[in-house]
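S.K.: I have a structure I would like to understand better, so I am pasting it below and will then ask my questions one at a time.
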There are 4 protein chains.
Amino acid sequence: MIKVGVNGYGVIGKRVAYAVSRQDDMQLIGIAKQSPDYKAKLARRRGISVYSSGNPDAFKGSEVKASGTLRDLLGSVDIIVDTTPEGVGEENKKIYEEAGVKAIWQGGEDHSVAGLSFNAYVNYSSAIGARYSRVVSCNTTGLVRTLFPLQKEFGIKSASAVLVRRGADPSETKKGPINALEVDKHLPSHHGADVNTLMPSLKISTVAIKASTTLMHLHAITVDLEKEASTEDVLRAFSQYRRIALVSIKEGISSTAQVMDIARELGRGDGDMYEIAVWKEMTMDAKRLQYFQAVHQEADVVPENIDAIRAMCGIEKDPQRSIDKTDANLHIGEYK
Amino acid sequence: MIKVGVNGYGVIGKRVAYAVSRQDDMQLIGIAKQSPDYKAKLARRRGISVYSSGNPDAFKGSEVKASGTLRDLLGSVDIIVDTTPEGVGEENKKIYEEAGVKAIWQGGEDHSVAGLSFNAYVNYSSAIGARYSRVVSCNTTGLVRTLFPLQKEFGIKSASAVLVRRGADPSETKKGPINALEVDKHLPSHHGADVNTLMPSLKISTVAIKASTTLMHLHAITVDLEKEASTEDVLRAFSQYRRIALVSIKEGISSTAQVMDIARELGRGDGDMYEIAVWKEMTMDAKRLQYFQAVHQEADVVPENIDAIRAMCGIEKDPQRSIDKTDANLHIGEYK
Amino acid sequence: MIKVGVNGYGVIGKRVAYAVSRQDDMQLIGIAKQSPDYKAKLARRRGISVYSSGNPDAFKGSEVKASGTLRDLLGSVDIIVDTTPEGVGEENKKIYEEAGVKAIWQGGEDHSVAGLSFNAYVNYSSAIGARYSRVVSCNTTGLVRTLFPLQKEFGIKSASAVLVRRGADPSETKKGPINALEVDKHLPSHHGADVNTLMPSLKISTVAIKASTTLMHLHAITVDLEKEASTEDVLRAFSQYRRIALVSIKEGISSTAQVMDIARELGRGDGDMYEIAVWKEMTMDAKRLQYFQAVHQEADVVPENIDAIRAMCGIEKDPQRSIDKTDANLHIGEYK
Amino acid sequence: MIKVGVNGYGVIGKRVAYAVSRQDDMQLIGIAKQSPDYKAKLARRRGISVYSSGNPDAFKGSEVKASGTLRDLLGSVDIIVDTTPEGVGEENKKIYEEAGVKAIWQGGEDHSVAGLSFNAYVNYSSAIGARYSRVVSCNTTGLVRTLFPLQKEFGIKSASAVLVRRGADPSETKKGPINALEVDKHLPSHHGADVNTLMPSLKISTVAIKASTTLMHLHAITVDLEKEASTEDVLRAFSQYRRIALVSIKEGISSTAQVMDIARELGRGDGDMYEIAVWKEMTMDAKRLQYFQAVHQEADVVPENIDAIRAMCGIEKDPQRSIDKTDANLHIGEYK
């Protein structure tokens, strides 16, 4: 049983904690957070031990009692999943080193923090036994999930994507935009380079726009394939991968709203969509493929974190067996 | 075992169907809907029989097979819960009469359709054995849930409420407003009169505004009480009712976004908030109470439908025992 | 000719500068801002002198040349209108004192900064010759504009208001909420007390909610009048005041979107709505009046600033003559 | 003096009417609309004659008097600009034919209605003397405005664009989405084919997404050029065209919100942005150009309608002279 801790209990952290608790080969020792707010209360309600990662006085007088400090948590685990806000994760590295624990960071941190970026489909084996790794961001995970199969089956000459990003997560109320479309100041955006940390030889260019929505990112992707293929061939290739869910306008799914409506009914924790939703409506014109996909920014990286734990701790050497186990435990691939 | 059918499988219908299936004294025979879209597919995935309520040809060639027509469904049930769109429910009355089944309508229909408006706290007993009833709308249910306890404990001289309504449900993308606040053309709005169908002697006035949000309605309520009371007294009164959840800005809950964030973690179907969320931050000034409450328009009426079924079919004469049973089966009242 | 400077050139500052430039008894010497962004460029395009209020190096290499520093501007004006962000205005007081100029702050600052809160209808005369004043906030100005006539004509026993506030201004993209309704952590909100800085004897209570819109605030107001009156009497009273515009659902105006649509066509700078839009659809029940009003947060305080300048500099002792002049120059009251 | 009528007085109609009234070689005879709402009232306020285009009884009892029916208007004009809702324009063709007037439709109608699609930069000369034409839609106009210069200067091998469309216009409150990103059911979208009605040999593919915003469309465009060029070359080419406005993140313009903020200050009617806003931040990689542009859906087609009137009525044979005149009268090209 791998002993796992989660540092940070926001959008990603609470989902990783939940997902860990659903696996039979790992044990959630506890989570660390700075303040005893309603999220801490809900964690306690789920029977999770809550450690204090900031000033321990913050928990004084609270109905949620801290089980100790972050250092206490680190002393009890084999591996820590860092889901703290962007930039904070890097600062934590020293503490993890001192505690002698393995660590996983999220995509908000640079590749260099861990030296190894991770996606279960692409490079599970490289992470076996690794001390540190970084699960790439929700958008990058989304891109890799569909580009990797395409590259494997048909070869990719070049790819480009426009990422229309959600402005805030559903539980955040401070961020906008309320009524605007905002261009990413980086052109091309960093996502293409981030895909290259996993698929280094892929020629890819991305641009990003921020929109007034909280639900999901939406990607419009254009790929020039090496081989001739029909859209049926592409759909057949995608359907081999459980972490891709094929959806259709014909069935009434024309927006991220309906995709999340499905997710709410799949009976998973938090109404999550671990899969990348790809629309069956796609076009192929002389080896140029165009398709849309929706990425649930709160959830798609969660199974990747589980697989990364398994690889790094060496309890499962076979990528597919880890993926199968994760998928079964999280009911991934059930929407057909 | 009461045999229950649900006509309509939208936002309310699918939740009532789910809630029925969680009770041990009733059985979901099936649901009826017009077209075999992704919602029909998800119903089948849950093992629910889907009947055709419109042109049966609509299901031809679909992967979802219809188990029969609406009339077939009506022939197999004791009671039908009508969750069709506003105005359609009234047209269905004749069919229900012919089929000789009991029927429950939702708040989109007029009181006169059923002749009996229902809320479990207020008038469960009046519905015992009734052939028809109507569960009042989400907003009215929300108002009654907190006004009824106040009236009972402290007496109410007069009440007024401003209802800031969500513009669309999360799965609807055609409705606005995108960037505006819209006044209800009825001033006062109909909600006050609708409360009076349940609490006829209450002096109440309501106005409504539509906002650009999909999550919940938010009510700002002012009540002039008969008796002296402190806000602590009010909180104590509210805490006696499981269908009221007390939340606090101090715990980080300052908007409908955080209330729904809690709901997503309570592990219920669809991330629902059956309870009315009332903020502990309230004011009392010379018997005038002011408070905020948030109403999950998709869910708060669901337990009321379950209780209405039980009352109308006469399987439970004691209001509190029905409420306790419904609440236990739906995990209502678990957020403390 | 009063020499006027404006410190800050955001939403309010640029409008005050524009309004000053439309008056024949005052002269805009210049505006001060921290950085030479597109707003500075647009100011220059309008022929306005731009002074540097922060680090003067910020303007180095920019196509917009600074005409000097804030101190230079202060050396050339009789009065400065401070429209810097909330809290910054207070820090500027010392500089204004040293420069020996009169100063006007906006509603983001506390009453105590100036010691005198201002609204042209209510207390113009008190500001004659004053060194400092503070124009109350957009919401408070909105409340006072309609409550003052009501008090004068009919007497007010008590008033209460629910303010549904816009989450961000149209040109702001960083602020939310995107999809939520947020309760104001202060209950009652500070707006009632702020009205009392102008109408000290008025019994008023306010609560506030933040919504996902950029256009206007929307107020639902309930007033218990002293005297009997019909809604026609109220409309007649309101129609005496140019800074109130009466609108009607019957004419197709049911939301803040249509109010701003009108404003865009009135041919004023920036599509502004200086008037408070009050819906003709209102109710009166036994001396209890209920009505809706929309407040353009970017514009309603602008004419108040102009009148405050005139009063403080003593160039017009008669309130009504100042108001008439401001209104004529800004085309206020033209929507009938 | 060309006598012009405008049928329809919504978002486009009122702007075309205003723009016509700003030209010295044409005269606005009147506008036709169905109901005497606030827009009719504002038209009258501007001194515009309002004709009844629906049931004339609709104007009975209204404070806006109808100057006659649509047929009366048609009897007094040389040319009618049809700005009625999508699909209605086509039905009007017969009436225009009977009246013997020239007619211009908007992009909501099919190319076949007029047989001639129009953009002043591309094919002004083809429209000289034409009886019918159709100004292409706001999105198509936006694409053509920048693709035409690129084709002319550098040649285009192929182009692709992702159009993120606004969900509703600022004055519309019924349309969504409130919180979702919606994919266009046509993949590719019709915009590419619509560009081909003007630039038939251009290889172009477009996809479209609908977002929760009212301000502008945002296009992410990728163009493979024939010739080598730097981004400076492209900016130099664009800067030759007044109907393109170059904006920059460096100056604080990173979203459609700031573009519209500029528009509000340019002192035009309605705060309009007639120009296509193109971000100076663009990339060129081996003849592949990527750039963002924002399209004000309410305004960009307005100058095109003016030029189409001039061409069709034969009062100006030289394209550039008409464009110069239109631009001068509407203050186009003034933001540098």
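Labels for the structure tokens follow display order: chains A, B, ..., residues from 1 in each chain, ligands from 1.
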Please write out chain A, superposed on chain B by least squares over all C-alpha atoms matched in order, as a tab-separated table (two decimals) with C-alpha atoms, in the first residue's frame.
M.R.:
```tsv
chain	number	residue	atom	x	y	z
A	1	MET	CA	-44.77	-0.80	-3.59
A	2	ILE	CA	-46.15	2.24	-5.33
A	3	LYS	CA	-45.64	2.09	-9.08
A	4	VAL	CA	-44.41	5.46	-10.31
A	5	GLY	CA	-43.96	6.90	-13.79
A	6	VAL	CA	-42.33	10.17	-14.72
A	7	ASN	CA	-43.50	12.08	-17.79
A	8	GLY	CA	-40.76	14.39	-19.01
A	9	TYR	CA	-37.06	13.78	-18.39
A	10	GLY	CA	-35.49	17.20	-18.17
A	11	VAL	CA	-33.91	18.95	-15.23
A	12	ILE	CA	-36.65	17.96	-12.75
A	13	GLY	CA	-37.83	14.73	-14.30
A	14	LYS	CA	-34.49	12.97	-14.22
A	15	ARG	CA	-34.00	13.94	-10.59
A	16	VAL	CA	-37.45	12.77	-9.53
A	17	ALA	CA	-36.84	9.49	-11.33
A	18	TYR	CA	-33.52	9.07	-9.52
A	19	ALA	CA	-35.08	9.96	-6.17
A	20	VAL	CA	-37.94	7.51	-6.67
A	21	SER	CA	-35.44	4.77	-7.42
A	22	ARG	CA	-33.77	5.44	-4.05
A	23	GLN	CA	-36.97	4.75	-2.03
A	24	ASP	CA	-37.87	1.28	-0.78
A	25	ASP	CA	-41.61	1.82	-0.85
A	26	MET	CA	-41.90	2.87	-4.47
A	27	GLN	CA	-40.79	1.51	-7.81
A	28	LEU	CA	-39.90	3.47	-10.91
A	29	ILE	CA	-41.73	1.82	-13.80
A	30	GLY	CA	-40.31	4.14	-16.41
A	31	ILE	CA	-40.03	7.59	-17.82
A	32	ALA	CA	-41.58	9.09	-20.94
A	33	LYS	CA	-39.87	11.50	-23.26
A	34	GLN	CA	-40.28	12.79	-26.77
A	35	SER	CA	-36.92	12.12	-28.38
A	36	PRO	CA	-34.09	9.62	-27.97
A	37	ASP	CA	-31.34	12.13	-27.23
A	38	TYR	CA	-28.37	11.78	-24.90
A	39	LYS	CA	-30.64	12.07	-21.89
A	40	ALA	CA	-32.59	9.03	-23.04
A	41	LYS	CA	-29.30	7.23	-23.48
A	42	LEU	CA	-28.22	8.09	-19.95
A	43	ALA	CA	-31.59	6.92	-18.62
A	44	ARG	CA	-31.08	3.58	-20.33
A	45	ARG	CA	-27.57	3.47	-18.88
A	46	ARG	CA	-29.21	3.75	-15.45
A	47	GLY	CA	-31.46	0.84	-16.34
A	48	ILE	CA	-34.60	2.95	-16.67
A	49	SER	CA	-37.33	2.01	-19.16
A	50	VAL	CA	-37.90	4.80	-21.65
A	51	TYR	CA	-41.36	5.34	-23.15
A	52	SER	CA	-42.17	7.54	-26.10
A	53	SER	CA	-44.38	10.52	-25.25
A	54	GLY	CA	-44.47	12.11	-28.68
A	55	ASN	CA	-44.35	10.69	-32.15
A	56	PRO	CA	-43.12	7.08	-31.67
A	57	ASP	CA	-41.31	7.34	-35.01
A	58	ALA	CA	-38.83	9.64	-33.29
A	59	PHE	CA	-37.28	6.53	-31.69
A	60	LYS	CA	-36.96	4.61	-34.97
A	61	GLY	CA	-33.39	3.87	-35.82
A	62	SER	CA	-32.21	5.13	-32.45
A	63	GLU	CA	-29.96	3.05	-30.22
A	64	VAL	CA	-32.45	3.74	-27.41
A	65	LYS	CA	-35.49	1.52	-27.89
A	66	ALA	CA	-38.83	2.79	-26.60
A	67	SER	CA	-40.53	0.41	-24.15
A	68	GLY	CA	-43.89	1.67	-25.38
A	69	THR	CA	-45.87	4.87	-25.50
A	70	LEU	CA	-46.88	7.22	-22.72
A	71	ARG	CA	-50.24	5.45	-22.61
A	72	ASP	CA	-48.46	2.15	-22.06
A	73	LEU	CA	-46.57	3.69	-19.19
A	74	LEU	CA	-49.76	5.13	-17.71
A	75	GLY	CA	-51.31	1.67	-17.91
A	76	SER	CA	-48.60	0.29	-15.64
A	77	VAL	CA	-48.40	2.91	-12.88
A	78	ASP	CA	-50.37	4.08	-9.85
A	79	ILE	CA	-49.17	7.64	-10.13
A	80	ILE	CA	-47.49	9.80	-12.74
A	81	VAL	CA	-45.20	12.73	-11.97
A	82	ASP	CA	-45.57	15.27	-14.75
A	83	THR	CA	-42.37	17.24	-15.32
A	84	THR	CA	-43.11	18.40	-18.85
A	85	PRO	CA	-42.47	22.01	-19.84
A	86	GLU	CA	-44.70	24.78	-18.46
A	87	GLY	CA	-48.17	24.65	-19.97
A	88	VAL	CA	-47.78	21.16	-21.43
A	89	GLY	CA	-48.61	19.58	-18.09
A	90	GLU	CA	-52.09	21.05	-18.13
A	91	GLU	CA	-52.77	19.56	-21.54
A	92	ASN	CA	-51.79	16.14	-20.22
A	93	LYS	CA	-54.47	16.17	-17.53
A	94	LYS	CA	-57.08	14.62	-19.78
A	95	ILE	CA	-54.82	11.67	-20.61
A	96	TYR	CA	-54.13	11.07	-16.94
A	97	GLU	CA	-57.85	11.20	-16.19
A	98	GLU	CA	-58.61	8.71	-18.91
A	99	ALA	CA	-55.85	6.40	-17.67
A	100	GLY	CA	-57.25	6.64	-14.16
A	101	VAL	CA	-53.88	7.41	-12.57
A	102	LYS	CA	-53.05	9.88	-9.86
A	103	ALA	CA	-50.91	12.79	-11.03
A	104	ILE	CA	-48.47	15.33	-9.63
A	105	TRP	CA	-47.66	18.51	-11.53
A	106	GLN	CA	-44.84	20.97	-10.99
A	107	GLY	CA	-44.92	24.69	-10.21
A	108	GLY	CA	-44.91	25.76	-13.84
A	109	GLU	CA	-48.60	24.82	-13.91
A	110	ASP	CA	-51.33	26.83	-12.23
A	111	HIS	CA	-52.72	25.84	-8.86
A	112	SER	CA	-56.07	25.21	-10.56
A	113	VAL	CA	-54.72	22.27	-12.62
A	114	ALA	CA	-54.52	20.14	-9.49
A	115	GLY	CA	-56.61	22.17	-7.07
A	116	LEU	CA	-54.08	21.31	-4.36
A	117	SER	CA	-50.62	22.83	-3.99
A	118	PHE	CA	-48.15	20.87	-1.93
A	119	ASN	CA	-45.23	21.30	0.45
A	120	ALA	CA	-44.30	18.57	2.87
A	121	TYR	CA	-43.69	20.88	5.83
A	122	VAL	CA	-46.90	22.81	5.36
A	123	ASN	CA	-49.72	20.56	4.21
A	124	TYR	CA	-48.69	16.93	3.81
A	125	SER	CA	-51.84	15.78	5.55
A	126	SER	CA	-54.14	17.58	3.10
A	127	ALA	CA	-52.68	15.52	0.29
A	128	ILE	CA	-53.38	12.13	1.82
A	129	GLY	CA	-55.37	10.15	-0.70
A	130	ALA	CA	-55.62	13.07	-3.12
A	131	ARG	CA	-55.89	12.26	-6.79
A	132	TYR	CA	-54.04	15.34	-7.99
A	133	SER	CA	-51.55	17.72	-6.52
A	134	ARG	CA	-48.99	20.26	-7.65
A	135	VAL	CA	-45.60	20.69	-6.05
A	136	VAL	CA	-45.01	24.45	-5.97
A	137	SER	CA	-42.13	25.93	-7.95
A	138	CYS	CA	-38.51	25.96	-6.83
A	139	ASN	CA	-38.72	29.59	-5.74
A	140	THR	CA	-41.98	29.13	-3.87
A	141	THR	CA	-40.68	25.96	-2.23
A	142	GLY	CA	-37.61	27.94	-1.17
A	143	LEU	CA	-39.70	30.71	0.36
A	144	VAL	CA	-42.03	28.32	2.17
A	145	ARG	CA	-39.17	26.26	3.59
A	146	THR	CA	-37.94	29.20	5.67
A	147	LEU	CA	-41.12	31.25	6.13
A	148	PHE	CA	-43.07	28.31	7.53
A	149	PRO	CA	-40.64	27.75	10.43
A	150	LEU	CA	-40.55	31.49	11.11
A	151	GLN	CA	-44.31	31.72	11.19
A	152	LYS	CA	-44.61	28.70	13.45
A	153	GLU	CA	-41.99	29.82	15.93
A	154	PHE	CA	-42.28	33.58	15.97
A	155	GLY	CA	-45.35	34.59	13.94
A	156	ILE	CA	-45.03	36.77	10.85
A	157	LYS	CA	-46.64	40.20	10.53
A	158	SER	CA	-45.48	40.64	6.96
A	159	ALA	CA	-42.76	39.42	4.65
A	160	SER	CA	-41.17	40.72	1.49
A	161	ALA	CA	-38.58	39.17	-0.78
A	162	VAL	CA	-36.46	40.11	-3.74
A	163	LEU	CA	-35.78	37.02	-5.85
A	164	VAL	CA	-32.71	37.20	-8.05
A	165	ARG	CA	-33.39	34.36	-10.44
A	166	ARG	CA	-30.99	32.31	-12.53
A	167	GLY	CA	-31.45	33.00	-16.25
A	168	ALA	CA	-31.15	29.40	-17.42
A	169	ASP	CA	-30.40	25.94	-16.10
A	170	PRO	CA	-26.82	24.64	-16.44
A	171	SER	CA	-27.67	22.43	-19.40
A	172	GLU	CA	-29.58	25.12	-21.32
A	173	THR	CA	-27.61	27.25	-23.75
A	174	LYS	CA	-30.33	29.06	-25.66
A	175	LYS	CA	-31.53	31.34	-22.87
A	176	GLY	CA	-30.03	34.58	-21.58
A	177	PRO	CA	-29.37	37.15	-20.37
A	178	ILE	CA	-25.65	37.13	-21.10
A	179	ASN	CA	-24.90	40.57	-19.71
A	180	ALA	CA	-27.90	42.28	-18.14
A	181	LEU	CA	-30.22	42.34	-15.16
A	182	GLU	CA	-33.85	42.00	-16.16
A	183	VAL	CA	-36.86	43.05	-14.12
A	184	ASP	CA	-39.85	40.73	-13.88
A	185	LYS	CA	-42.70	42.31	-15.80
A	186	HIS	CA	-45.04	41.44	-12.96
A	187	LEU	CA	-44.65	43.72	-9.98
A	188	PRO	CA	-45.27	42.23	-7.49
A	189	SER	CA	-44.14	38.92	-8.94
A	190	HIS	CA	-46.41	35.86	-8.82
A	191	HIS	CA	-44.32	34.13	-6.15
A	192	GLY	CA	-46.03	35.86	-3.23
A	193	ALA	CA	-49.45	34.70	-4.42
A	194	ASP	CA	-48.02	31.24	-4.94
A	195	VAL	CA	-46.80	31.12	-1.34
A	196	ASN	CA	-50.39	31.98	-0.38
A	197	THR	CA	-51.66	28.78	-2.00
A	198	LEU	CA	-49.88	27.07	0.90
A	199	MET	CA	-49.87	29.73	3.63
A	200	PRO	CA	-53.07	31.64	2.81
A	201	SER	CA	-53.01	34.07	5.70
A	202	LEU	CA	-49.40	35.19	5.23
A	203	LYS	CA	-48.96	38.80	4.17
A	204	ILE	CA	-46.19	38.61	1.59
A	205	SER	CA	-44.95	40.65	-1.35
A	206	THR	CA	-42.26	39.58	-3.81
A	207	VAL	CA	-40.41	41.10	-6.75
A	208	ALA	CA	-38.11	39.28	-9.16
A	209	ILE	CA	-35.01	40.04	-11.21
A	210	LYS	CA	-33.33	37.76	-13.74
A	211	ALA	CA	-29.53	37.52	-13.73
A	212	SER	CA	-26.83	35.94	-15.87
A	213	THR	CA	-26.19	32.78	-13.94
A	214	THR	CA	-27.20	29.14	-14.16
A	215	LEU	CA	-26.48	27.90	-10.67
A	216	MET	CA	-29.14	28.98	-8.18
A	217	HIS	CA	-31.68	31.62	-7.32
A	218	LEU	CA	-30.71	34.01	-4.53
A	219	HIS	CA	-33.39	35.48	-2.25
A	220	ALA	CA	-33.04	38.56	-0.05
A	221	ILE	CA	-35.85	38.26	2.48
A	222	THR	CA	-37.21	40.73	5.02
A	223	VAL	CA	-39.64	39.51	7.65
A	224	ASP	CA	-41.41	41.49	10.38
A	225	LEU	CA	-41.90	39.00	13.18
A	226	GLU	CA	-44.69	39.03	15.73
A	227	LYS	CA	-42.47	37.98	18.64
A	228	GLU	CA	-39.14	39.29	19.83
A	229	ALA	CA	-36.31	37.02	18.74
A	230	SER	CA	-32.57	37.12	18.29
A	231	THR	CA	-30.74	35.89	15.21
A	232	GLU	CA	-29.57	33.00	17.39
A	233	ASP	CA	-33.19	32.10	18.02
A	234	VAL	CA	-33.83	32.14	14.30
A	235	LEU	CA	-30.81	29.98	13.57
A	236	ARG	CA	-31.91	27.56	16.25
A	237	ALA	CA	-35.37	27.37	14.69
A	238	PHE	CA	-33.94	26.82	11.20
A	239	SER	CA	-31.55	24.14	12.42
A	240	GLN	CA	-34.54	21.98	13.40
A	241	TYR	CA	-35.34	21.54	9.73
A	242	ARG	CA	-33.21	19.20	7.68
A	243	ARG	CA	-34.25	20.83	4.43
A	244	ILE	CA	-32.53	24.04	5.46
A	245	ALA	CA	-28.70	24.12	5.37
A	246	LEU	CA	-26.99	26.89	7.29
A	247	VAL	CA	-23.89	28.28	5.59
A	248	SER	CA	-21.47	31.01	6.53
A	249	ILE	CA	-19.30	33.62	4.87
A	250	LYS	CA	-16.82	32.96	7.66
A	251	GLU	CA	-16.29	29.46	6.29
A	252	GLY	CA	-15.67	30.81	2.80
A	253	ILE	CA	-19.18	30.49	1.43
A	254	SER	CA	-20.11	33.88	0.06
A	255	SER	CA	-21.89	33.00	-3.16
A	256	THR	CA	-24.01	30.44	-4.94
A	257	ALA	CA	-20.77	29.12	-6.48
A	258	GLN	CA	-19.51	27.85	-3.14
A	259	VAL	CA	-22.91	26.49	-2.16
A	260	MET	CA	-22.93	24.40	-5.33
A	261	ASP	CA	-19.33	23.44	-4.66
A	262	ILE	CA	-20.49	21.91	-1.40
A	263	ALA	CA	-23.36	20.18	-3.14
A	264	ARG	CA	-20.97	18.60	-5.61
A	265	GLU	CA	-19.13	17.00	-2.72
A	266	LEU	CA	-22.09	15.64	-0.83
A	267	GLY	CA	-21.97	12.58	-3.03
A	268	ARG	CA	-25.57	12.75	-4.21
A	269	GLY	CA	-26.73	12.18	-7.75
A	270	ASP	CA	-26.05	15.16	-10.01
A	271	GLY	CA	-24.30	17.32	-7.39
A	272	ASP	CA	-27.65	18.47	-6.06
A	273	MET	CA	-28.57	20.78	-3.21
A	274	TYR	CA	-31.94	19.62	-1.98
A	275	GLU	CA	-31.73	21.96	1.01
A	276	ILE	CA	-32.30	25.70	0.98
A	277	ALA	CA	-28.96	27.30	1.88
A	278	VAL	CA	-29.48	30.08	4.41
A	279	TRP	CA	-26.63	32.37	5.39
A	280	LYS	CA	-25.92	32.51	9.12
A	281	GLU	CA	-25.03	36.16	8.59
A	282	MET	CA	-28.43	37.78	9.15
A	283	THR	CA	-29.71	40.88	10.92
A	284	MET	CA	-32.49	41.49	13.41
A	285	ASP	CA	-33.56	45.03	14.17
A	286	ALA	CA	-36.63	45.50	16.32
A	287	LYS	CA	-38.30	42.26	15.18
A	288	ARG	CA	-37.34	42.91	11.56
A	289	LEU	CA	-35.29	39.99	10.26
A	290	GLN	CA	-33.23	40.15	7.07
A	291	TYR	CA	-31.54	37.13	5.54
A	292	PHE	CA	-30.23	35.65	2.31
A	293	GLN	CA	-31.00	32.21	0.97
A	294	ALA	CA	-29.93	30.29	-2.12
A	295	VAL	CA	-32.27	27.92	-3.92
A	296	HIS	CA	-31.06	25.15	-6.23
A	297	GLN	CA	-33.76	25.36	-8.85
A	298	GLU	CA	-32.98	21.89	-10.18
A	299	ALA	CA	-33.29	20.03	-6.91
A	300	ASP	CA	-35.20	21.58	-4.01
A	301	VAL	CA	-38.59	20.32	-5.23
A	302	VAL	CA	-37.38	16.75	-5.65
A	303	PRO	CA	-37.93	15.55	-2.05
A	304	GLU	CA	-41.31	17.31	-2.09
A	305	ASN	CA	-42.35	15.17	-5.06
A	306	ILE	CA	-41.38	12.04	-3.15
A	307	ASP	CA	-43.41	13.07	-0.12
A	308	ALA	CA	-46.35	13.99	-2.34
A	309	ILE	CA	-46.29	10.50	-3.88
A	310	ARG	CA	-46.34	8.94	-0.43
A	311	ALA	CA	-49.17	11.14	0.82
A	312	MET	CA	-51.36	10.80	-2.25
A	313	CYS	CA	-50.95	7.02	-2.38
A	314	GLY	CA	-51.70	6.81	1.32
A	315	ILE	CA	-48.72	4.62	2.21
A	316	GLU	CA	-47.59	6.93	4.97
A	317	LYS	CA	-50.05	9.04	6.92
A	318	ASP	CA	-47.55	10.69	9.22
A	319	PRO	CA	-45.87	13.70	7.62
A	320	GLN	CA	-42.71	13.53	9.70
A	321	ARG	CA	-42.18	9.86	9.00
A	322	SER	CA	-42.40	10.44	5.27
A	323	ILE	CA	-40.05	13.40	5.47
A	324	ASP	CA	-37.58	11.43	7.59
A	325	LYS	CA	-37.62	8.56	5.13
A	326	THR	CA	-37.17	10.80	2.10
A	327	ASP	CA	-34.39	12.73	3.78
A	328	ALA	CA	-32.54	9.58	4.83
A	329	ASN	CA	-32.76	8.06	1.36
A	330	LEU	CA	-31.52	11.26	-0.31
A	331	HIS	CA	-28.90	12.09	2.34
A	332	ILE	CA	-30.65	15.36	3.10
A	333	GLY	CA	-29.43	17.39	6.05
A	334	GLU	CA	-25.92	16.01	6.07
A	335	TYR	CA	-24.12	19.31	5.65
A	336	LYS	CA	-23.78	20.77	9.11
```
S.K.: As an MDAnalysis selection string, please: all residues of range 130-274 of chain D that backbone DSSP puts in strand (DSSP E).
M.R.: chainID D and resid 132:135 156:166 182:183 204:211 217:225 244:247
S.K.: Using the chain letters and numbers from this document, which residues of range 89-203 of chain A does DSSP assign to alpha helix (DSSP H), as number ranges by chain?
M.R.: A: 89-99, 111-114, 120-123, 138-154, 191-196
